[in-house]
>>> print(open('my_file.pdb').read())   # PDB, N, CA and C atoms and all ligand atoms
MODEL        1
ATOM      1  N   MET A 216    -118.279 -41.916   7.450
ATOM      2  CA  MET A 216    -117.594 -43.196   7.582
ATOM      3  C   MET A 216    -116.126 -43.057   7.182
ATOM      4  N   LYS A 217    -115.313 -43.749   7.925
ATOM      5  CA  LYS A 217    -113.884 -43.733   7.617
ATOM      6  C   LYS A 217    -113.463 -45.100   7.088
ATOM      7  N   TYR A 218    -112.624 -45.063   6.094
ATOM      8  CA  TYR A 218    -112.110 -46.297   5.496
ATOM      9  C   TYR A 218    -111.069 -46.939   6.415
ATOM     10  N   ILE A 219    -111.189 -48.242   6.638
ATOM     11  CA  ILE A 219    -110.155 -48.958   7.398
ATOM     12  C   ILE A 219    -109.355 -49.864   6.474
ATOM     13  N   ALA A 220    -110.051 -50.844   5.867
ATOM     14  CA  ALA A 220    -109.346 -51.794   5.010
ATOM     15  C   ALA A 220    -110.346 -52.582   4.188
ATOM     16  N   VAL A 221    -109.815 -53.326   3.215
ATOM     17  CA  VAL A 221    -110.619 -54.314   2.501
ATOM     18  C   VAL A 221    -110.073 -55.682   2.881
ATOM     19  N   THR A 222    -110.910 -56.485   3.543
ATOM     20  CA  THR A 222    -110.472 -57.809   3.942
ATOM     21  C   THR A 222    -111.420 -58.860   3.390
ATOM     22  N   ASN A 223    -110.852 -59.870   2.731
ATOM     23  CA  ASN A 223    -111.620 -60.944   2.086
ATOM     24  C   ASN A 223    -112.674 -60.395   1.131
ATOM     25  N   GLY A 224    -112.381 -59.278   0.507
ATOM     26  CA  GLY A 224    -113.306 -58.685  -0.455
ATOM     27  C   GLY A 224    -114.388 -57.832   0.179
ATOM     28  N   ASN A 225    -114.444 -57.796   1.525
ATOM     29  CA  ASN A 225    -115.424 -56.954   2.208
ATOM     30  C   ASN A 225    -114.762 -55.654   2.667
ATOM     31  N   LEU A 226    -115.559 -54.599   2.642
ATOM     32  CA  LEU A 226    -115.036 -53.282   2.990
ATOM     33  C   LEU A 226    -115.265 -52.998   4.477
ATOM     34  N   GLU A 227    -114.203 -52.661   5.188
ATOM     35  CA  GLU A 227    -114.324 -52.336   6.609
ATOM     36  C   GLU A 227    -114.322 -50.837   6.799
ATOM     37  N   LEU A 228    -115.323 -50.353   7.536
ATOM     38  CA  LEU A 228    -115.462 -48.923   7.788
ATOM     39  C   LEU A 228    -115.591 -48.662   9.278
ATOM     40  N   GLU A 229    -115.334 -47.415   9.641
ATOM     41  CA  GLU A 229    -115.495 -47.019  11.027
ATOM     42  C   GLU A 229    -116.328 -45.751  11.060
ATOM     43  N   CYS A 230    -117.322 -45.718  11.946
ATOM     44  CA  CYS A 230    -118.158 -44.532  12.095
ATOM     45  C   CYS A 230    -117.316 -43.385  12.634
ATOM     46  N   SER A 231    -117.368 -42.223  11.965
ATOM     47  CA  SER A 231    -116.534 -41.115  12.425
ATOM     48  C   SER A 231    -117.153 -40.409  13.625
ATOM     49  N   SER A 232    -118.385 -40.776  13.998
ATOM     50  CA  SER A 232    -119.010 -40.171  15.181
ATOM     51  C   SER A 232    -118.766 -40.998  16.438
ATOM     52  N   CYS A 233    -119.055 -42.313  16.369
ATOM     53  CA  CYS A 233    -118.946 -43.120  17.586
ATOM     54  C   CYS A 233    -117.829 -44.159  17.517
ATOM     55  N   GLY A 234    -117.210 -44.329  16.349
ATOM     56  CA  GLY A 234    -116.088 -45.248  16.238
ATOM     57  C   GLY A 234    -116.468 -46.701  16.048
ATOM     58  N   MET A 235    -117.768 -46.962  15.854
ATOM     59  CA  MET A 235    -118.210 -48.333  15.648
ATOM     60  C   MET A 235    -117.763 -48.868  14.295
ATOM     61  N   LYS A 236    -117.365 -50.151  14.273
ATOM     62  CA  LYS A 236    -116.880 -50.759  13.049
ATOM     63  C   LYS A 236    -118.024 -51.340  12.229
ATOM     64  N   HIS A 237    -117.976 -51.123  10.919
ATOM     65  CA  HIS A 237    -118.990 -51.642  10.012
ATOM     66  C   HIS A 237    -118.326 -52.449   8.918
ATOM     67  N   ILE A 238    -118.986 -53.520   8.502
ATOM     68  CA  ILE A 238    -118.472 -54.307   7.386
ATOM     69  C   ILE A 238    -119.479 -54.273   6.245
ATOM     70  N   VAL A 239    -119.010 -53.775   5.094
ATOM     71  CA  VAL A 239    -119.854 -53.716   3.904
ATOM     72  C   VAL A 239    -119.505 -54.927   3.045
ATOM     73  N   LEU A 240    -120.485 -55.798   2.822
ATOM     74  CA  LEU A 240    -120.235 -57.040   2.100
ATOM     75  C   LEU A 240    -119.993 -56.799   0.613
ATOM     76  N   LYS A 241    -119.219 -57.720   0.055
ATOM     77  CA  LYS A 241    -118.960 -57.760  -1.383
ATOM     78  C   LYS A 241    -120.253 -57.552  -2.167
ATOM     79  N   GLY A 242    -120.252 -56.661  -3.146
ATOM     80  CA  GLY A 242    -121.453 -56.446  -3.956
ATOM     81  C   GLY A 242    -122.258 -55.255  -3.475
ATOM     82  N   ASN A 243    -122.024 -54.821  -2.229
ATOM     83  CA  ASN A 243    -122.717 -53.637  -1.710
ATOM     84  C   ASN A 243    -121.860 -52.379  -1.817
ATOM     85  N   PHE A 244    -120.714 -52.516  -2.489
ATOM     86  CA  PHE A 244    -119.889 -51.334  -2.719
ATOM     87  C   PHE A 244    -119.131 -51.498  -4.031
ATOM     88  N   ALA A 245    -118.723 -50.383  -4.605
ATOM     89  CA  ALA A 245    -117.975 -50.402  -5.860
ATOM     90  C   ALA A 245    -116.798 -49.451  -5.753
ATOM     91  N   GLU A 246    -115.703 -49.820  -6.373
ATOM     92  CA  GLU A 246    -114.537 -48.943  -6.370
ATOM     93  C   GLU A 246    -114.786 -47.739  -7.272
ATOM     94  N   ALA A 247    -114.354 -46.579  -6.822
ATOM     95  CA  ALA A 247    -114.475 -45.355  -7.606
ATOM     96  C   ALA A 247    -113.163 -44.599  -7.512
ATOM     97  N   SER A 248    -113.039 -43.526  -8.296
ATOM     98  CA  SER A 248    -111.772 -42.791  -8.326
ATOM     99  C   SER A 248    -111.440 -42.172  -6.976
ATOM    100  N   PHE A 249    -112.467 -41.772  -6.214
ATOM    101  CA  PHE A 249    -112.239 -41.127  -4.919
ATOM    102  C   PHE A 249    -112.093 -42.138  -3.795
ATOM    103  N   GLY A 250    -112.518 -43.386  -4.030
ATOM    104  CA  GLY A 250    -112.490 -44.394  -2.972
ATOM    105  C   GLY A 250    -113.517 -45.462  -3.250
ATOM    106  N   TYR A 251    -114.606 -45.475  -2.469
ATOM    107  CA  TYR A 251    -115.632 -46.495  -2.640
ATOM    108  C   TYR A 251    -117.024 -45.895  -2.602
ATOM    109  N   GLU A 252    -117.865 -46.404  -3.482
ATOM    110  CA  GLU A 252    -119.252 -45.980  -3.534
ATOM    111  C   GLU A 252    -120.084 -47.054  -2.844
ATOM    112  N   LEU A 253    -120.915 -46.664  -1.884
ATOM    113  CA  LEU A 253    -121.690 -47.625  -1.109
ATOM    114  C   LEU A 253    -123.130 -47.661  -1.574
ATOM    115  N   SER A 254    -123.622 -48.849  -1.825
ATOM    116  CA  SER A 254    -124.999 -49.006  -2.277
ATOM    117  C   SER A 254    -125.564 -50.322  -1.744
ATOM    118  N   PRO A 255    -126.488 -50.335  -0.791
ATOM    119  CA  PRO A 255    -127.134 -49.148  -0.216
ATOM    120  C   PRO A 255    -126.215 -48.397   0.753
ATOM    121  N   LYS A 256    -126.661 -47.216   1.162
ATOM    122  CA  LYS A 256    -125.925 -46.402   2.130
ATOM    123  C   LYS A 256    -125.660 -47.167   3.410
ATOM    124  N   VAL A 257    -124.567 -46.844   4.060
ATOM    125  CA  VAL A 257    -124.277 -47.453   5.356
ATOM    126  C   VAL A 257    -124.714 -46.476   6.443
ATOM    127  N   LEU A 258    -125.601 -46.973   7.305
ATOM    128  CA  LEU A 258    -126.110 -46.129   8.383
ATOM    129  C   LEU A 258    -125.688 -46.720   9.711
ATOM    130  N   CYS A 259    -125.014 -45.940  10.535
ATOM    131  CA  CYS A 259    -124.579 -46.419  11.840
ATOM    132  C   CYS A 259    -125.762 -46.436  12.804
ATOM    133  N   SER A 260    -125.708 -47.350  13.794
ATOM    134  CA  SER A 260    -126.792 -47.451  14.768
ATOM    135  C   SER A 260    -126.893 -46.213  15.654
ATOM    136  N   CYS A 261    -125.848 -45.389  15.690
ATOM    137  CA  CYS A 261    -125.929 -44.135  16.445
ATOM    138  C   CYS A 261    -126.720 -43.102  15.640
ATOM    139  N   GLY A 262    -127.026 -43.443  14.379
ATOM    140  CA  GLY A 262    -127.872 -42.583  13.548
ATOM    141  C   GLY A 262    -127.169 -41.364  13.011
ATOM    142  N   ASP A 263    -125.874 -41.314  13.179
ATOM    143  CA  ASP A 263    -125.173 -40.070  12.904
ATOM    144  C   ASP A 263    -124.419 -40.031  11.586
ATOM    145  N   ASP A 264    -124.009 -41.168  11.086
ATOM    146  CA  ASP A 264    -123.023 -41.126  10.019
ATOM    147  C   ASP A 264    -123.435 -41.965   8.818
ATOM    148  N   ALA A 265    -124.512 -41.572   8.149
ATOM    149  CA  ALA A 265    -124.916 -42.254   6.928
ATOM    150  C   ALA A 265    -123.958 -41.871   5.816
ATOM    151  N   ALA A 266    -123.516 -42.858   5.044
ATOM    152  CA  ALA A 266    -122.549 -42.566   4.003
ATOM    153  C   ALA A 266    -122.880 -43.291   2.723
ATOM    154  N   ALA A 267    -122.789 -42.573   1.593
ATOM    155  CA  ALA A 267    -122.991 -43.177   0.291
ATOM    156  C   ALA A 267    -121.648 -43.353  -0.409
ATOM    157  N   ARG A 268    -120.657 -42.638   0.095
ATOM    158  CA  ARG A 268    -119.316 -42.761  -0.482
ATOM    159  C   ARG A 268    -118.262 -42.622   0.604
ATOM    160  N   VAL A 269    -117.161 -43.300   0.372
ATOM    161  CA  VAL A 269    -116.085 -43.291   1.348
ATOM    162  C   VAL A 269    -114.774 -42.980   0.645
ATOM    163  N   ASP A 270    -114.009 -42.114   1.231
ATOM    164  CA  ASP A 270    -112.704 -41.794   0.694
ATOM    165  C   ASP A 270    -111.740 -42.926   1.060
ATOM    166  N   GLY A 271    -111.274 -43.631   0.061
ATOM    167  CA  GLY A 271    -110.447 -44.807   0.319
ATOM    168  C   GLY A 271    -108.973 -44.569   0.142
ATOM    169  N   LYS A 272    -108.521 -43.345   0.340
ATOM    170  CA  LYS A 272    -107.108 -43.041   0.114
ATOM    171  C   LYS A 272    -106.234 -43.338   1.326
ATOM    172  N   ALA A 273    -106.870 -43.759   2.424
ATOM    173  CA  ALA A 273    -106.114 -44.044   3.648
ATOM    174  C   ALA A 273    -105.035 -45.083   3.388
ATOM    175  N   LYS A 274    -105.364 -46.074   2.579
ATOM    176  CA  LYS A 274    -104.438 -47.152   2.277
ATOM    177  C   LYS A 274    -103.191 -46.607   1.600
ATOM    178  N   ARG A 275    -103.400 -45.716   0.632
ATOM    179  CA  ARG A 275    -102.291 -45.194  -0.144
ATOM    180  C   ARG A 275    -101.375 -44.328   0.714
ATOM    181  N   SER A 276    -101.953 -43.470   1.564
ATOM    182  CA  SER A 276    -101.125 -42.607   2.403
ATOM    183  C   SER A 276    -100.377 -43.439   3.437
ATOM    184  N   GLY A 277    -100.979 -44.538   3.867
ATOM    185  CA  GLY A 277    -100.312 -45.441   4.795
ATOM    186  C   GLY A 277     -99.072 -46.033   4.169
ATOM    187  N   PHE A 278     -99.197 -46.366   2.893
ATOM    188  CA  PHE A 278     -98.065 -46.898   2.159
ATOM    189  C   PHE A 278     -96.977 -45.840   2.013
ATOM    190  N   LEU A 279     -97.386 -44.602   1.774
ATOM    191  CA  LEU A 279     -96.428 -43.502   1.624
ATOM    192  C   LEU A 279     -95.653 -43.266   2.915
ATOM    193  N   ILE A 280     -96.361 -43.320   4.043
ATOM    194  CA  ILE A 280     -95.713 -43.134   5.341
ATOM    195  C   ILE A 280     -94.661 -44.211   5.548
ATOM    196  N   LEU A 281     -95.025 -45.448   5.191
ATOM    197  CA  LEU A 281     -94.107 -46.572   5.301
ATOM    198  C   LEU A 281     -92.868 -46.325   4.447
ATOM    199  N   PHE A 282     -93.107 -45.816   3.233
ATOM    200  CA  PHE A 282     -92.025 -45.539   2.292
ATOM    201  C   PHE A 282     -91.073 -44.496   2.878
ATOM    202  N   PHE A 283     -91.622 -43.421   3.452
ATOM    203  CA  PHE A 283     -90.787 -42.362   3.977
ATOM    204  C   PHE A 283     -90.070 -42.761   5.264
ATOM    205  N   LEU A 284     -90.617 -43.790   5.949
ATOM    206  CA  LEU A 284     -89.942 -44.314   7.127
ATOM    207  C   LEU A 284     -88.728 -45.143   6.724
ATOM    208  N   PHE A 285     -88.881 -45.871   5.605
ATOM    209  CA  PHE A 285     -87.816 -46.783   5.198
ATOM    210  C   PHE A 285     -86.739 -46.104   4.366
ATOM    211  N   LEU A 286     -87.084 -45.001   3.725
ATOM    212  CA  LEU A 286     -86.125 -44.333   2.857
ATOM    213  C   LEU A 286     -84.853 -43.892   3.596
ATOM    214  N   PRO A 287     -84.950 -43.188   4.730
ATOM    215  CA  PRO A 287     -83.733 -42.805   5.452
ATOM    216  C   PRO A 287     -82.936 -44.018   5.913
ATOM    217  N   LEU A 288     -83.651 -45.085   6.278
ATOM    218  CA  LEU A 288     -83.017 -46.322   6.717
ATOM    219  C   LEU A 288     -82.180 -46.916   5.585
ATOM    220  N   LEU A 289     -82.739 -46.895   4.384
ATOM    221  CA  LEU A 289     -82.040 -47.423   3.212
ATOM    222  C   LEU A 289     -80.814 -46.574   2.888
ATOM    223  N   LEU A 290     -80.969 -45.260   3.009
ATOM    224  CA  LEU A 290     -79.855 -44.356   2.730
ATOM    225  C   LEU A 290     -78.727 -44.588   3.731
ATOM    226  N   LEU A 291     -79.107 -44.776   4.979
ATOM    227  CA  LEU A 291     -78.137 -45.024   6.042
ATOM    228  C   LEU A 291     -77.387 -46.322   5.777
ATOM    229  N   LEU A 292     -78.152 -47.332   5.382
ATOM    230  CA  LEU A 292     -77.593 -48.650   5.097
ATOM    231  C   LEU A 292     -76.602 -48.576   3.942
ATOM    232  N   SER A 293     -76.957 -47.834   2.899
ATOM    233  CA  SER A 293     -76.073 -47.734   1.735
ATOM    234  C   SER A 293     -74.796 -46.987   2.100
ATOM    235  N   GLN A 294     -74.901 -46.032   3.030
ATOM    236  CA  GLN A 294     -73.713 -45.297   3.466
ATOM    237  C   GLN A 294     -72.796 -46.190   4.284
ATOM    238  N   ILE A 295     -73.412 -47.038   5.121
ATOM    239  CA  ILE A 295     -72.631 -47.970   5.932
ATOM    240  C   ILE A 295     -71.880 -48.956   5.037
ATOM    241  N   ILE A 296     -72.597 -49.457   4.028
ATOM    242  CA  ILE A 296     -71.997 -50.413   3.091
ATOM    243  C   ILE A 296     -70.838 -49.746   2.330
ATOM    244  N   ARG A 297     -71.065 -48.496   1.924
ATOM    245  CA  ARG A 297     -70.043 -47.766   1.186
ATOM    246  C   ARG A 297     -68.803 -47.549   2.074
ATOM    247  N   ALA A 298     -69.045 -47.212   3.351
ATOM    248  CA  ALA A 298     -67.953 -46.997   4.296
ATOM    249  C   ALA A 298     -67.173 -48.285   4.522
ATOM    250  N   LEU A 299     -67.892 -49.401   4.624
ATOM    251  CA  LEU A 299     -67.246 -50.699   4.830
ATOM    252  C   LEU A 299     -66.402 -51.063   3.623
ATOM    253  N   LEU A 300     -66.934 -50.848   2.437
ATOM    254  CA  LEU A 300     -66.219 -51.150   1.203
ATOM    255  C   LEU A 300     -64.972 -50.263   1.098
ATOM    256  N   GLY A 301     -65.126 -49.024   1.513
ATOM    257  CA  GLY A 301     -64.013 -48.088   1.469
ATOM    258  C   GLY A 301     -62.885 -48.477   2.409
ATOM    259  N   SER A 302     -63.222 -49.039   3.554
ATOM    260  CA  SER A 302     -62.203 -49.420   4.537
ATOM    261  C   SER A 302     -61.462 -50.689   4.117
ATOM    262  N   ILE A 303     -62.094 -51.479   3.282
ATOM    263  CA  ILE A 303     -61.445 -52.721   2.805
ATOM    264  C   ILE A 303     -60.385 -52.390   1.748
ATOM    265  N   SER A 304     -60.760 -51.573   0.780
ATOM    266  CA  SER A 304     -59.843 -51.316  -0.343
ATOM    267  C   SER A 304     -58.782 -50.282  -0.028
TER     268      SER A 304
HETATM  269 ZN    ZN A 401    -121.873 -44.244  14.891
ENDMDL
END
>>> encode(input="my_file.pdb", output="structure tokens", more="lines below")
Ligand SMILES: [Zn+2]
Amino acid sequence: MKYIAVTNGNLELECSSCGMKHIVLKGNFAEASFGYELSPKVLCSCGDDAAARVDGKAKRSGFLILFFLFLPLLLLLSQIIRALLGSIS
């Protein structure tokens, strides 16, 4: 199972075999250091991807990608501002 998101307190997963979306209701999963622990196991109807634990780091890496996308933009902006200030004085 692949981690997608947590929405309204429910955990959204995607089967890594067939891509089907699964929703694990509040109380059927617990946060852990590696991601989420599922109890009971989530079994896809394709029978292929039973999972007792899910790596929930997708959210964090998504945030990092966003950060690295905006960082050059911020640097560029600060250079433009500096250039504008320099041309005034
Ligand atoms: Zn499946």
>>> closest_atom_pairs(input="my_file.pdb", of="chain A", to="ligand ZN 401 (chain A)", cutoff="10 Å", atoms="only C-alpha atoms and all ligand atoms", output="tab-separated table")
residue	atom	partner	partner_atom	distance
A:Met216	CA	A:ZN401	ZN	8.5
A:Glu229	CA	A:ZN401	ZN	8.0
A:Cys230	CA	A:ZN401	ZN	4.7
A:Ser231	CA	A:ZN401	ZN	6.7
A:Ser232	CA	A:ZN401	ZN	5.0
A:Cys233	CA	A:ZN401	ZN	4.1
A:Gly234	CA	A:ZN401	ZN	6.0
A:Met235	CA	A:ZN401	ZN	5.5
A:Lys236	CA	A:ZN401	ZN	8.4
A:His237	CA	A:ZN401	ZN	9.3
A:Leu258	CA	A:ZN401	ZN	8.0
A:Cys259	CA	A:ZN401	ZN	4.6
A:Ser260	CA	A:ZN401	ZN	5.9
A:Cys261	CA	A:ZN401	ZN	4.3
A:Gly262	CA	A:ZN401	ZN	6.4
A:Asp263	CA	A:ZN401	ZN	5.7
A:Asp264	CA	A:ZN401	ZN	5.9
A:Ala265	CA	A:ZN401	ZN	8.8
>>> atom_distance(input="my_file.pdb", atom1="atom N of Lys241 in chain A", atom2="atom N of Asn225 in chain A")
5.0 Å
>>> select_by_dssp(input="my_file.pdb", residues="range 267-302 of chain A", states="strand (DSSP E or B)", output="list in words")
Ala267, Arg268, Val269 and Asp270 of chain A
>>> atom_distance(input="my_file.pdb", atom1="CA of Leu240 in chain A", atom2="CA of Asp270 in chain A")
17.1 Å
>>> atom_distance(input="my_file.pdb", atom1="CA of Phe283 in chain A", atom2="atom N of Ile295 in chain A")
18.0 Å
>>> resolve_selection(input="my_file.pdb", expression="the PyMOL selection byres (((chain A and resi 244-251) around 8) and not hetatm)", output="ChimeraX atom specification")
/A:226,239-243,252-255,267-273
>>> closest_residue(input="my_file.pdb", among="A:Ile238, A:Leu289, A:Leu300, A:Leu284", to="Gly224 in chain A", atoms="only C-alpha atoms")
A:Ile238
>>> select_by_dssp(input="my_file.pdb", residues="chain A", states="alpha helix (DSSP H)", output="MDAnalysis selection string")
chainID A and resid 273:303
>>> resolve_selection(input="my_file.pdb", expression="the PyMOL selection byres (((chain A and resi 218 and name CA) around 6) and not hetatm and name CA)", output="number ranges by chain")
A: 217, 219, 228, 271
>>> decode(input="my_file.pdb", residues="range 225-297 of chain A", atoms="C-alpha atoms", output="tab-separated table (two decimals), in the first residue's frame")
chain	number	residue	atom	x	y	z
A	225	ASN	CA	-9.08	9.04	7.65
A	226	LEU	CA	-6.04	7.54	6.00
A	227	GLU	CA	-6.05	7.33	2.20
A	228	LEU	CA	-4.01	4.58	0.59
A	229	GLU	CA	-3.40	3.30	-2.90
A	230	CYS	CA	-2.77	-0.32	-3.83
A	231	SER	CA	0.73	-0.58	-5.30
A	232	SER	CA	-0.39	-3.48	-7.53
A	233	CYS	CA	-3.60	-2.26	-9.16
A	234	GLY	CA	-3.77	1.39	-8.08
A	235	MET	CA	-7.11	1.08	-6.33
A	236	LYS	CA	-7.80	3.68	-3.64
A	237	HIS	CA	-8.52	2.58	-0.07
A	238	ILE	CA	-9.74	4.58	2.88
A	239	VAL	CA	-8.76	3.46	6.37
A	240	LEU	CA	-11.19	4.90	8.91
A	241	LYS	CA	-10.18	6.72	12.06
A	242	GLY	CA	-9.34	4.19	14.79
A	243	ASN	CA	-8.19	1.51	12.34
A	244	PHE	CA	-4.71	2.97	12.11
A	245	ALA	CA	-2.13	4.52	14.41
A	246	GLU	CA	0.74	6.87	13.76
A	247	ALA	CA	4.20	5.33	14.11
A	248	SER	CA	7.76	6.54	13.57
A	249	PHE	CA	7.92	4.98	10.09
A	250	GLY	CA	4.43	6.12	9.04
A	251	TYR	CA	1.20	4.36	9.94
A	252	GLU	CA	0.36	1.05	11.53
A	253	LEU	CA	-2.84	-0.54	10.18
A	254	SER	CA	-5.07	-2.64	12.37
A	255	PRO	CA	-6.74	-4.65	10.96
A	256	LYS	CA	-4.62	-5.16	7.84
A	257	VAL	CA	-5.80	-3.55	4.64
A	258	LEU	CA	-6.40	-6.10	1.91
A	259	CYS	CA	-7.05	-4.99	-1.65
A	260	SER	CA	-9.78	-6.72	-3.67
A	261	CYS	CA	-7.11	-7.74	-6.20
A	262	GLY	CA	-5.74	-9.87	-3.35
A	263	ASP	CA	-2.25	-8.66	-3.94
A	264	ASP	CA	-1.33	-5.98	-1.49
A	265	ALA	CA	-2.15	-6.76	2.14
A	266	ALA	CA	-0.49	-4.25	4.41
A	267	ALA	CA	-0.05	-3.95	8.16
A	268	ARG	CA	2.12	-0.87	7.93
A	269	VAL	CA	2.49	2.01	5.56
A	270	ASP	CA	5.42	4.31	5.04
A	271	GLY	CA	3.95	7.76	5.54
A	272	LYS	CA	6.94	9.84	4.55
A	273	ALA	CA	5.43	10.82	1.20
A	274	LYS	CA	3.94	13.91	2.79
A	275	ARG	CA	7.27	15.10	4.14
A	276	SER	CA	9.18	14.61	0.87
A	277	GLY	CA	6.38	16.43	-0.94
A	278	PHE	CA	6.93	19.36	1.34
A	279	LEU	CA	10.68	19.21	0.70
A	280	ILE	CA	10.15	19.27	-3.07
A	281	LEU	CA	7.93	22.32	-2.64
A	282	PHE	CA	10.63	23.96	-0.51
A	283	PHE	CA	13.34	23.34	-3.11
A	284	LEU	CA	11.08	24.68	-5.85
A	285	PHE	CA	10.49	27.92	-3.98
A	286	LEU	CA	14.02	28.46	-2.71
A	287	PRO	CA	15.54	29.54	-6.07
A	288	LEU	CA	12.48	31.72	-6.65
A	289	LEU	CA	13.04	33.47	-3.32
A	290	LEU	CA	16.73	33.95	-4.07
A	291	LEU	CA	15.88	35.42	-7.46
A	292	LEU	CA	13.33	37.73	-5.88
A	293	SER	CA	15.80	38.97	-3.26
A	294	GLN	CA	18.35	39.68	-6.01
A	295	ILE	CA	15.78	41.64	-7.99
A	296	ILE	CA	14.86	43.66	-4.91
A	297	ARG	CA	18.53	44.30	-4.16
